[in-house]
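Student: Quick one, start-v5.tsv (TSV, C-alpha atoms (C1' of nucleotides)):
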```tsv
chain	number	residue	atom	x	y	z
H	1	MET	CA	96.32	85.85	87.49
H	2	ASN	CA	97.56	85.50	83.93
H	3	ASN	CA	100.72	87.21	82.74
H	4	ARG	CA	102.76	87.97	79.63
H	5	LEU	CA	106.13	87.43	81.25
H	6	LYS	CA	107.22	84.64	78.95
H	7	VAL	CA	106.49	86.73	75.84
H	8	LEU	CA	108.12	89.89	77.18
H	9	ARG	CA	111.15	87.87	78.16
H	10	ALA	CA	111.30	86.20	74.74
H	11	GLU	CA	111.13	89.60	73.02
H	12	ARG	CA	114.33	90.50	74.83
H	13	ASN	CA	115.99	87.09	74.40
H	14	TRP	CA	116.41	86.68	78.12
H	15	SER	CA	116.57	83.32	79.82
H	16	GLN	CA	114.61	82.76	83.01
H	17	ALA	CA	117.94	82.88	84.84
H	18	GLU	CA	118.79	86.25	83.31
H	19	LEU	CA	115.40	87.68	84.21
H	20	ALA	CA	115.67	86.25	87.72
H	21	LEU	CA	118.98	88.02	88.13
H	22	ARG	CA	117.55	91.35	87.02
H	23	LEU	CA	114.62	90.92	89.39
H	24	ASP	CA	116.76	89.67	92.24
H	25	VAL	CA	114.79	86.47	92.74
H	26	SER	CA	115.60	82.84	92.06
H	27	ARG	CA	115.18	81.34	88.61
H	28	GLN	CA	112.58	79.02	90.07
H	29	ALA	CA	110.55	81.97	91.29
H	30	VAL	CA	110.44	83.34	87.74
H	31	ASN	CA	109.53	79.94	86.41
H	32	ALA	CA	106.76	79.52	88.97
H	33	ILE	CA	105.22	82.85	87.97
H	34	GLU	CA	105.48	82.12	84.24
H	35	THR	CA	103.92	78.70	84.59
H	36	GLY	CA	101.13	80.07	86.74
H	37	LYS	CA	102.10	78.22	89.89
H	38	HIS	CA	101.70	81.41	91.89
H	39	ASP	CA	101.38	85.17	91.66
H	40	PRO	CA	104.25	87.52	92.49
H	41	SER	CA	104.05	89.72	95.55
H	42	LEU	CA	103.01	93.31	94.84
H	43	PRO	CA	106.57	94.65	95.23
H	44	LEU	CA	107.87	92.03	92.81
H	45	ALA	CA	105.08	92.85	90.35
H	46	PHE	CA	106.22	96.48	90.49
H	47	ARG	CA	109.83	95.50	89.89
H	48	ILE	CA	108.72	93.47	86.88
H	49	ALA	CA	106.67	96.39	85.52
H	50	ARG	CA	109.57	98.81	85.98
H	51	LEU	CA	111.99	96.42	84.30
H	52	PHE	CA	109.78	96.08	81.24
H	53	GLU	CA	108.83	99.75	81.40
H	54	MET	CA	105.09	99.24	81.28
H	55	PRO	CA	102.11	99.41	83.67
H	56	VAL	CA	101.43	96.45	85.90
H	57	GLU	CA	98.08	96.05	84.13
H	58	GLU	CA	99.78	95.46	80.79
H	59	ILE	CA	101.69	92.50	82.15
H	60	PHE	CA	99.21	90.89	84.52
H	61	HIS	CA	95.56	90.15	83.86
H	62	ASP	CA	92.52	88.72	85.57
Z	1	MET	CA	104.85	99.81	99.65
Z	2	ASN	CA	103.01	103.03	100.37
Z	3	ASN	CA	99.38	103.50	99.39
Z	4	ARG	CA	96.61	106.10	99.15
Z	5	LEU	CA	93.82	103.82	100.34
Z	6	LYS	CA	92.86	105.87	103.35
Z	7	VAL	CA	92.48	109.04	101.28
Z	8	LEU	CA	90.56	107.37	98.45
Z	9	ARG	CA	88.28	105.79	101.00
Z	10	ALA	CA	87.73	109.11	102.80
Z	11	GLU	CA	86.88	110.79	99.50
Z	12	ARG	CA	84.02	108.35	99.16
Z	13	ASN	CA	83.02	108.44	102.83
Z	14	TRP	CA	83.47	104.71	103.19
Z	15	SER	CA	84.32	103.04	106.46
Z	16	GLN	CA	87.00	100.36	106.52
Z	17	ALA	CA	84.19	97.85	107.00
Z	18	GLU	CA	82.39	99.13	103.91
Z	19	LEU	CA	85.53	98.98	101.81
Z	20	ALA	CA	86.29	95.51	103.11
Z	21	LEU	CA	82.84	94.38	102.04
Z	22	ARG	CA	83.32	95.74	98.53
Z	23	LEU	CA	86.70	94.06	98.28
Z	24	ASP	CA	85.51	90.83	99.82
Z	25	VAL	CA	88.16	90.77	102.53
Z	26	SER	CA	88.03	91.24	106.28
Z	27	ARG	CA	87.99	94.69	107.86
Z	28	GLN	CA	91.29	93.82	109.52
Z	29	ALA	CA	92.87	93.12	106.15
Z	30	VAL	CA	91.90	96.62	104.97
Z	31	ASN	CA	93.19	98.13	108.17
Z	32	ALA	CA	96.48	96.25	107.92
Z	33	ILE	CA	97.04	97.55	104.39
Z	34	GLU	CA	96.12	101.13	105.31
Z	35	THR	CA	98.35	101.16	108.35
Z	36	GLY	CA	101.22	99.67	106.35
Z	37	LYS	CA	101.36	96.40	108.23
Z	38	HIS	CA	101.48	94.49	104.99
Z	39	ASP	CA	100.96	94.71	101.25
Z	40	PRO	CA	97.94	93.26	99.52
Z	41	SER	CA	98.35	90.24	97.27
Z	42	LEU	CA	98.46	91.06	93.55
Z	43	PRO	CA	94.86	89.90	92.96
Z	44	LEU	CA	93.64	92.06	95.84
Z	45	ALA	CA	95.63	95.03	94.54
Z	46	PHE	CA	93.83	94.60	91.21
Z	47	ARG	CA	90.45	94.48	92.89
Z	48	ILE	CA	91.29	97.70	94.74
Z	49	ALA	CA	92.39	99.39	91.51
Z	50	ARG	CA	89.23	98.30	89.71
Z	51	LEU	CA	87.05	99.49	92.57
Z	52	PHE	CA	88.61	102.95	92.56
Z	53	GLU	CA	88.81	102.92	88.77
Z	54	MET	CA	92.46	103.83	88.52
Z	55	PRO	CA	95.75	102.12	87.68
Z	56	VAL	CA	97.47	100.12	90.40
Z	57	GLU	CA	100.40	102.54	90.15
Z	58	GLU	CA	98.21	105.47	91.16
Z	59	ILE	CA	97.24	103.79	94.42
Z	60	PHE	CA	100.44	102.02	95.42
Z	61	HIS	CA	103.95	103.43	95.42
Z	62	ASP	CA	107.51	102.40	96.16
P	1	DA	C1'	125.41	61.19	69.22
P	2	DC	C1'	127.22	64.23	72.58
P	3	DA	C1'	127.67	68.25	75.53
P	4	DC	C1'	125.55	72.01	77.27
P	5	DA	C1'	121.93	75.52	78.07
P	6	DA	C1'	117.26	76.29	79.21
P	7	DT	C1'	113.26	74.94	81.32
P	8	DG	C1'	110.13	72.28	84.31
P	9	DT	C1'	109.40	70.25	88.63
P	10	DA	C1'	109.70	68.41	93.45
P	11	DA	C1'	110.69	68.45	98.51
P	12	DG	C1'	111.13	71.03	102.52
P	13	DG	C1'	111.62	75.38	104.73
P	14	DT	C1'	110.58	80.52	106.15
P	15	DT	C1'	107.99	84.69	105.74
P	16	DA	C1'	103.88	87.28	104.10
P	17	DT	C1'	99.09	87.71	103.59
P	18	DG	C1'	94.56	86.98	105.15
P	19	DT	C1'	91.09	84.82	108.42
P	20	DT	C1'	88.19	84.88	112.80
P	21	DG	C1'	87.40	86.47	117.35
P	22	DA	C1'	88.21	89.61	120.82
P	23	DC	C1'	89.21	93.89	123.11
P	24	DA	C1'	90.39	99.13	123.80
P	25	DT	C1'	89.78	103.73	122.57
P	26	DA	C1'	87.69	107.83	120.60
P	27	DG	C1'	83.84	110.17	118.47
P	28	DT	C1'	78.79	110.81	117.60
P	29	DC	C1'	74.15	111.17	118.82
P	30	DA	C1'	69.59	110.55	121.00
Y	1	DT	C1'	74.74	108.92	130.31
Y	2	DG	C1'	74.31	105.00	127.34
Y	3	DA	C1'	74.26	102.94	122.82
Y	4	DC	C1'	76.46	102.82	118.60
Y	5	DT	C1'	80.12	103.40	115.01
Y	6	DA	C1'	84.80	103.66	113.41
Y	7	DT	C1'	89.35	102.57	114.05
Y	8	DG	C1'	93.46	100.30	115.82
Y	9	DT	C1'	95.43	96.28	117.63
Y	10	DC	C1'	96.39	91.50	119.33
Y	11	DA	C1'	96.50	86.37	119.17
Y	12	DA	C1'	96.09	82.04	116.87
Y	13	DC	C1'	95.71	79.99	112.81
Y	14	DA	C1'	95.65	78.71	107.49
Y	15	DT	C1'	97.35	79.29	103.15
Y	16	DA	C1'	100.15	81.66	99.64
Y	17	DA	C1'	104.53	83.32	98.22
Y	18	DC	C1'	109.14	82.68	97.90
Y	19	DC	C1'	113.39	80.45	99.02
Y	20	DT	C1'	117.27	76.67	98.30
Y	21	DT	C1'	118.80	72.36	96.62
Y	22	DA	C1'	118.36	68.93	93.53
Y	23	DC	C1'	117.10	66.29	89.58
Y	24	DA	C1'	114.51	65.42	85.06
Y	25	DT	C1'	113.37	66.89	80.62
Y	26	DT	C1'	113.69	69.53	76.47
Y	27	DG	C1'	116.13	72.33	73.02
Y	28	DT	C1'	120.32	73.70	70.56
Y	29	DG	C1'	124.61	73.34	68.26
Y	30	DT	C1'	128.85	71.07	66.88
```
Starting from the file, give its structure as C-alpha coordinates.

Tutor:
Amino acid sequence: MNNRLKVLRAERNWSQAELALRLDVSRQAVNAIETGKHDPSLPLAFRIARLFEMPVEEIFHD
Amino acid sequence: MNNRLKVLRAERNWSQAELALRLDVSRQAVNAIETGKHDPSLPLAFRIARLFEMPVEEIFHD
DNA sequence: ACACAATGTAAGGTTATGTTGACATAGTCA
DNA sequence: TGACTATGTCAACATAACCTTACATTGTGT
(Lines of atoms letter the chains of each structure in order from A and count residues from 1; the text may use other names and numbers.)
(Lines give C-alpha, C1' and ligand atoms only; values in the text may rest on other atoms or scores of the structure.)
Protein backbone atom coordinates (compact mmCIF):
# COMPACT_ATOMS: atom_id res chain seq x y z
CA MET A 1 0.00 0.00 0.00
CA ASN A 2 1.42 3.31 -1.14
CA ASN A 3 0.18 6.61 0.24
CA ARG A 4 0.41 10.37 -0.22
CA LEU A 5 0.46 11.20 3.46
CA LYS A 6 3.83 12.91 3.42
CA VAL A 7 2.78 15.23 0.57
CA LEU A 8 -0.62 16.04 2.05
CA ARG A 9 1.02 16.78 5.36
CA ALA A 10 3.65 18.98 3.71
CA GLU A 11 0.94 20.94 1.89
CA ARG A 12 -0.44 21.87 5.28
CA ASN A 13 2.94 22.43 6.94
CA TRP A 14 2.22 19.88 9.61
CA SER A 15 4.90 17.93 11.40
CA GLN A 16 4.44 14.21 11.94
CA ALA A 17 3.81 15.03 15.60
CA GLU A 18 1.07 17.49 14.68
CA LEU A 19 -0.59 15.01 12.35
CA ALA A 20 -0.30 12.27 14.97
CA LEU A 21 -2.08 14.50 17.44
CA ARG A 22 -4.94 15.20 15.03
CA LEU A 23 -5.27 11.49 14.31
CA ASP A 24 -4.92 10.47 17.93
CA VAL A 25 -2.04 8.09 17.31
CA SER A 26 1.63 8.24 18.20
CA ARG A 27 4.11 10.14 16.06
CA GLN A 28 5.85 6.85 15.38
CA ALA A 29 2.66 5.37 14.01
CA VAL A 30 2.42 8.23 11.51
CA ASN A 31 6.06 7.81 10.63
CA ALA A 32 5.66 4.07 10.13
CA ILE A 33 2.78 4.61 7.71
CA GLU A 34 4.61 7.33 5.78
CA THR A 35 7.75 5.27 5.43
CA GLY A 36 5.77 2.24 4.34
CA LYS A 37 6.58 0.11 7.35
CA HIS A 38 2.94 -0.85 7.66
CA ASP A 39 -0.58 0.01 6.57
CA PRO A 40 -3.05 1.79 8.85
CA SER A 41 -6.08 -0.05 10.14
CA LEU A 42 -9.29 0.67 8.23
CA PRO A 43 -10.65 2.97 10.97
CA LEU A 44 -7.41 4.94 10.98
CA ALA A 45 -7.47 5.16 7.18
CA PHE A 46 -10.97 6.65 7.46
CA ARG A 47 -9.82 9.17 10.07
CA ILE A 48 -6.98 10.18 7.75
CA ALA A 49 -9.37 10.56 4.80
CA ARG A 50 -11.79 12.65 6.85
CA LEU A 51 -8.98 14.86 8.14
CA PHE A 52 -7.74 15.60 4.63
CA GLU A 53 -11.29 15.76 3.32
CA MET A 54 -10.81 13.34 0.45
CA PRO A 55 -11.72 9.73 -0.41
CA VAL A 56 -9.58 6.96 0.98
CA GLU A 57 -8.69 6.02 -2.60
CA GLU A 58 -7.09 9.41 -3.22
CA ILE A 59 -4.67 8.92 -0.37
CA PHE A 60 -3.88 5.22 -0.53
CA HIS A 61 -3.00 3.20 -3.60
CA ASP A 62 -2.18 -0.34 -4.63
CA MET B 1 -16.92 -0.13 11.37
CA ASN B 2 -20.23 -1.06 9.78
CA ASN B 3 -20.41 -2.54 6.30
CA ARG B 4 -22.84 -3.51 3.53
CA LEU B 5 -21.05 -6.71 2.54
CA LYS B 6 -23.93 -9.04 3.25
CA VAL B 7 -26.32 -7.01 1.10
CA LEU B 8 -23.89 -6.56 -1.79
CA ARG B 9 -23.17 -10.26 -1.70
CA ALA B 10 -26.88 -11.14 -1.64
CA GLU B 11 -27.49 -8.85 -4.63
CA ARG B 12 -25.08 -11.02 -6.58
CA ASN B 13 -26.29 -14.32 -5.13
CA TRP B 14 -22.85 -15.19 -3.87
CA SER B 15 -22.24 -17.44 -0.89
CA GLN B 16 -19.69 -16.42 1.70
CA ALA B 17 -17.47 -19.16 0.30
CA GLU B 18 -17.75 -17.74 -3.21
CA LEU B 19 -16.95 -14.23 -2.04
CA ALA B 20 -14.03 -15.53 0.00
CA LEU B 21 -12.65 -17.21 -3.10
CA ARG B 22 -12.89 -14.01 -5.13
CA LEU B 23 -11.18 -12.07 -2.36
CA ASP B 24 -8.58 -14.74 -1.74
CA VAL B 25 -9.32 -15.04 1.97
CA SER B 26 -10.92 -17.76 4.07
CA ARG B 27 -14.68 -18.11 4.35
CA GLN B 28 -14.33 -17.44 8.06
CA ALA B 29 -12.63 -14.13 7.36
CA VAL B 30 -15.61 -13.04 5.24
CA ASN B 31 -18.01 -14.20 7.90
CA ALA B 32 -16.11 -12.37 10.63
CA ILE B 33 -16.28 -9.12 8.67
CA GLU B 34 -19.98 -9.52 7.85
CA THR B 35 -20.91 -10.31 11.41
CA GLY B 36 -18.86 -7.38 12.68
CA LYS B 37 -16.32 -9.45 14.55
CA HIS B 38 -13.51 -7.46 13.03
CA ASP B 39 -12.58 -5.00 10.31
CA PRO B 40 -10.70 -6.00 7.19
CA SER B 41 -7.14 -4.82 6.71
CA LEU B 42 -6.79 -1.83 4.37
CA PRO B 43 -5.54 -3.97 1.45
CA LEU B 44 -8.48 -6.34 1.86
CA ALA B 45 -10.89 -3.41 2.04
CA PHE B 46 -9.49 -2.22 -1.29
CA ARG B 47 -9.92 -5.63 -2.84
CA ILE B 48 -13.53 -5.68 -1.68
CA ALA B 49 -14.15 -2.21 -3.12
CA ARG B 50 -12.60 -3.17 -6.44
CA LEU B 51 -14.61 -6.38 -6.60
CA PHE B 52 -17.90 -4.55 -6.06
CA GLU B 53 -16.71 -1.66 -8.20
CA MET B 54 -17.48 1.07 -5.72
CA PRO B 55 -15.57 3.38 -3.37
CA VAL B 56 -14.47 2.01 -0.01
CA GLU B 57 -16.68 4.64 1.64
CA GLU B 58 -19.79 3.20 0.01
CA ILE B 59 -19.20 -0.20 1.57
CA PHE B 60 -17.78 0.69 4.97
CA HIS B 61 -19.10 3.26 7.41
CA ASP B 62 -18.31 4.75 10.80
C1' DA C 1 29.27 26.04 15.90
C1' DC C 2 25.37 25.47 18.77
C1' DA C 3 20.65 24.56 20.17
C1' DC C 4 16.52 22.83 18.89
C1' DA C 5 12.90 20.77 15.93
C1' DA C 6 11.79 17.14 12.88
C1' DT C 7 12.40 12.72 11.34
C1' DG C 8 14.00 7.89 11.25
C1' DT C 9 14.62 3.79 13.70
C1' DA C 10 14.91 0.00 17.22
C1' DA C 11 13.34 -3.06 21.06
C1' DG C 12 9.67 -5.10 23.36
C1' DG C 13 4.85 -5.36 24.27
C1' DT C 14 -0.48 -5.84 23.36
C1' DT C 15 -4.35 -6.19 20.34
C1' DA C 16 -6.35 -6.99 15.68
C1' DT C 17 -6.65 -9.57 11.61
C1' DG C 18 -6.46 -13.78 9.20
C1' DT C 19 -5.42 -18.90 8.94
C1' DT C 20 -6.83 -23.95 9.36
C1' DG C 21 -9.73 -27.41 11.22
C1' DA C 22 -13.77 -28.68 13.37
C1' DC C 23 -18.54 -28.69 14.74
C1' DA C 24 -23.74 -27.20 15.08
C1' DT C 25 -27.75 -25.58 13.00
C1' DA C 26 -31.07 -24.50 9.42
C1' DG C 27 -32.69 -24.84 4.72
C1' DT C 28 -33.08 -27.27 0.18
C1' DC C 29 -33.83 -31.03 -2.73
C1' DA C 30 -33.93 -35.69 -4.79
C1' DT D 1 -35.17 -39.61 5.16
C1' DG D 2 -30.53 -38.64 3.75
C1' DA D 3 -27.20 -35.86 1.34
C1' DC D 4 -25.78 -31.39 0.49
C1' DT D 5 -25.21 -26.29 1.01
C1' DA D 6 -24.94 -22.07 3.59
C1' DT D 7 -24.05 -19.90 7.69
C1' DG D 8 -22.40 -19.11 12.36
C1' DT D 9 -19.10 -20.15 15.74
C1' DC D 10 -15.06 -21.91 18.41
C1' DA D 11 -10.12 -22.96 19.36
C1' DA D 12 -5.30 -22.57 18.46
C1' DC D 13 -2.12 -20.33 16.08
C1' DA D 14 0.72 -16.77 13.02
C1' DT D 15 1.50 -12.37 11.58
C1' DA D 16 0.33 -7.45 11.15
C1' DA D 17 -0.79 -3.22 13.35
C1' DC D 18 -0.04 -0.20 16.82
C1' DC D 19 1.77 1.16 21.20
C1' DT D 20 5.63 3.26 24.45
C1' DT D 21 10.26 4.43 25.42
C1' DA D 22 14.46 5.60 23.84
C1' DC D 23 18.16 7.05 20.96
C1' DA D 24 20.34 8.51 16.37
C1' DT D 25 20.28 11.38 12.51
C1' DT D 26 19.04 15.25 9.73
C1' DG D 27 17.43 20.00 8.98
C1' DT D 28 16.91 24.81 10.45
C1' DG D 29 17.98 29.13 12.42
C1' DT D 30 20.60 32.32 15.27

Student: Determine, using all atoms listed in the file, which residues of chain Z have any atom at most 12 Å from an atom of chain P, and tabulate each with its shortest atom pair and distance in Å to one decimal place, rows ordered by chain and then rising number, as CSV.

Tutor:
```
residue,atom,partner,partner_atom,distance
Z:Asp24,CA,P:DG18,C1',11.2
Z:Val25,CA,P:DG18,C1',7.9
Z:Ser26,CA,P:DT19,C1',7.4
Z:Arg27,CA,P:DT19,C1',10.4
Z:Gln28,CA,P:DG18,C1',8.8
Z:Ala29,CA,P:DG18,C1',6.4
Z:Val30,CA,P:DG18,C1',10.0
Z:Asn31,CA,P:DG18,C1',11.6
Z:Ala32,CA,P:DG18,C1',9.9
Z:Ile33,CA,P:DT17,C1',10.1
Z:Lys37,CA,P:DT17,C1',10.1
Z:His38,CA,P:DT17,C1',7.3
Z:Asp39,CA,P:DT17,C1',7.6
Z:Pro40,CA,P:DT17,C1',7.0
Z:Ser41,CA,P:DT17,C1',6.8
Z:Leu42,CA,P:DT17,C1',10.6
Z:Pro43,CA,P:DT17,C1',11.6
Z:Leu44,CA,P:DT17,C1',10.4
```

Student: After a least-squares superposition on chain Z using every in-order C-alpha pair, I'd like chain H written out as an mmCIF file with C-alpha atoms, in the coordinates of the input.

Tutor:
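The result, stored in selection.cif:
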```cif
data_model
loop_
_atom_site.group_PDB
_atom_site.id
_atom_site.type_symbol
_atom_site.label_atom_id
_atom_site.label_comp_id
_atom_site.auth_asym_id
_atom_site.auth_seq_id
_atom_site.Cartn_x
_atom_site.Cartn_y
_atom_site.Cartn_z
ATOM 1 C CA MET H 1 104.840 99.807 99.698
ATOM 2 C CA ASN H 2 102.978 103.028 100.397
ATOM 3 C CA ASN H 3 99.360 103.501 99.391
ATOM 4 C CA ARG H 4 96.603 106.099 99.149
ATOM 5 C CA LEU H 5 93.827 103.810 100.302
ATOM 6 C CA LYS H 6 92.865 105.863 103.323
ATOM 7 C CA VAL H 7 92.490 109.030 101.225
ATOM 8 C CA LEU H 8 90.573 107.336 98.416
ATOM 9 C CA ARG H 9 88.288 105.763 100.969
ATOM 10 C CA ALA H 10 87.764 109.095 102.740
ATOM 11 C CA GLU H 11 86.880 110.769 99.428
ATOM 12 C CA ARG H 12 84.016 108.311 99.131
ATOM 13 C CA ASN H 13 83.026 108.424 102.816
ATOM 14 C CA TRP H 14 83.487 104.704 103.187
ATOM 15 C CA SER H 15 84.369 103.052 106.458
ATOM 16 C CA GLN H 16 87.026 100.356 106.517
ATOM 17 C CA ALA H 17 84.199 97.861 107.009
ATOM 18 C CA GLU H 18 82.385 99.134 103.925
ATOM 19 C CA LEU H 19 85.528 98.954 101.820
ATOM 20 C CA ALA H 20 86.295 95.484 103.167
ATOM 21 C CA LEU H 21 82.857 94.361 102.082
ATOM 22 C CA ARG H 22 83.320 95.706 98.569
ATOM 23 C CA LEU H 23 86.707 94.015 98.332
ATOM 24 C CA ASP H 24 85.509 90.793 99.897
ATOM 25 C CA VAL H 25 88.145 90.762 102.622
ATOM 26 C CA SER H 26 87.960 91.301 106.360
ATOM 27 C CA ARG H 27 87.941 94.780 107.850
ATOM 28 C CA GLN H 28 91.203 93.932 109.558
ATOM 29 C CA ALA H 29 92.805 93.132 106.226
ATOM 30 C CA VAL H 30 91.890 96.608 104.971
ATOM 31 C CA ASN H 31 93.168 98.143 108.159
ATOM 32 C CA ALA H 32 96.439 96.232 107.939
ATOM 33 C CA ILE H 33 97.031 97.493 104.400
ATOM 34 C CA GLU H 34 96.147 101.093 105.281
ATOM 35 C CA THR H 35 98.404 101.124 108.308
ATOM 36 C CA GLY H 36 101.247 99.595 106.343
ATOM 37 C CA LYS H 37 101.353 96.335 108.252
ATOM 38 C CA HIS H 38 101.511 94.425 104.987
ATOM 39 C CA ASP H 39 101.010 94.670 101.248
ATOM 40 C CA PRO H 40 97.964 93.222 99.494
ATOM 41 C CA SER H 41 98.353 90.246 97.206
ATOM 42 C CA LEU H 42 98.475 91.114 93.504
ATOM 43 C CA PRO H 43 94.880 89.963 92.892
ATOM 44 C CA LEU H 44 93.658 92.087 95.791
ATOM 45 C CA ALA H 45 95.646 95.071 94.506
ATOM 46 C CA PHE H 46 93.852 94.647 91.174
ATOM 47 C CA ARG H 47 90.470 94.482 92.874
ATOM 48 C CA ILE H 48 91.311 97.684 94.732
ATOM 49 C CA ALA H 49 92.397 99.410 91.505
ATOM 50 C CA ARG H 50 89.231 98.316 89.700
ATOM 51 C CA LEU H 51 87.046 99.477 92.576
ATOM 52 C CA PHE H 52 88.587 102.939 92.561
ATOM 53 C CA GLU H 53 88.789 102.937 88.772
ATOM 54 C CA MET H 54 92.445 103.852 88.528
ATOM 55 C CA PRO H 55 95.763 102.144 87.692
ATOM 56 C CA VAL H 56 97.478 100.146 90.387
ATOM 57 C CA GLU H 57 100.393 102.589 90.163
ATOM 58 C CA GLU H 58 98.185 105.501 91.183
ATOM 59 C CA ILE H 59 97.240 103.806 94.422
ATOM 60 C CA PHE H 60 100.435 102.034 95.431
ATOM 61 C CA HIS H 61 103.938 103.461 95.446
ATOM 62 C CA ASP H 62 107.493 102.451 96.186
#
```

Student: As an exercise, work out the distance from atom CA of H:Ile59 to atom CA of H:Arg4 in Å and give it to one decimal place.

Tutor: 5.3 Å

Student: Would you tabulate, counting only C-alpha atoms (C1' of nucleotides), all residues of chain Y that have an atom at most 12 Å from an atom of chain H, showing the closest pair of atoms and their distance in Å to one decimal, sorted by chain then ascending number, as a tab-separated table?

Tutor:
```
residue	atom	partner	partner_atom	distance
Y:DA16	C1'	H:His38	CA	7.9
Y:DA17	C1'	H:Ser41	CA	7.0
Y:DC18	C1'	H:Ala29	CA	6.8
Y:DC19	C1'	H:Ser26	CA	7.7
Y:DT20	C1'	H:Ser26	CA	8.9
Y:DT21	C1'	H:Gln28	CA	11.2
```

Student: Suppose you want the space between atom CA of H:Asn2 and atom CA of H:Asp62; what is it in Å?

Tutor: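 Distance reported for this atom pair: 6.2 Å.
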
Student: What's around H:Phe46 at 12 Å? Count all atoms listed in the file, leave out sequence neighbours fewer than 6 positions away in its own chain, and write the answer as a list in words.

Tutor: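 With the cut-off at 12 Å, the set is Leu23, Pro40, Phe52, Glu53, Met54, Pro55, Val56, Glu57, Glu58, Ile59 and Phe60 of chain H; Met1, Leu42, Ala45, Val56, Glu57, Phe60, His61 and Asp62 of chain Z.
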
Student: What separation in Å, quoted to one decimal, exists between atom C1' of Y:DA14 and atom CA of Z:Thr35?

Tutor: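 Rounded to one decimal, the two atoms are 22.6 Å apart.
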
Student: With all atoms listed in the file as the atoms that count, which of H:Leu21, H:Ala49, H:Ala10, H:Leu5 lies nearest to chain Z?

Tutor: H:Ala49

Student: Counting only C-alpha atoms, which of H:Arg47, H:Ser15, H:Val7, H:Gly36 gets nearest to chain Z?

Tutor: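 Checking each of H:Arg47, H:Ser15, H:Val7, H:Gly36 against chain Z, counting only C-alpha atoms, the winner is H:Arg47.
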
Student: Identify the residues around (115.1, 93.6, 84.0) within a radius of 6 Å, measuring from only C-alpha atoms (C1' of nucleotides) in the coordinates stated by the file, and give them as a ChimeraX atom specification.

Tutor: /H:19,22,51

Student: With C-alpha atoms kept, could you save the residues just selected as a JSON list (two decimals), in the coordinates of the input?

Tutor:
```json
[["chain", "number", "residue", "atom", "x", "y", "z"],
["H", 19, "LEU", "CA", 115.40, 87.68, 84.21],
["H", 22, "ARG", "CA", 117.55, 91.35, 87.02],
["H", 51, "LEU", "CA", 111.99, 96.42, 84.30]]
```
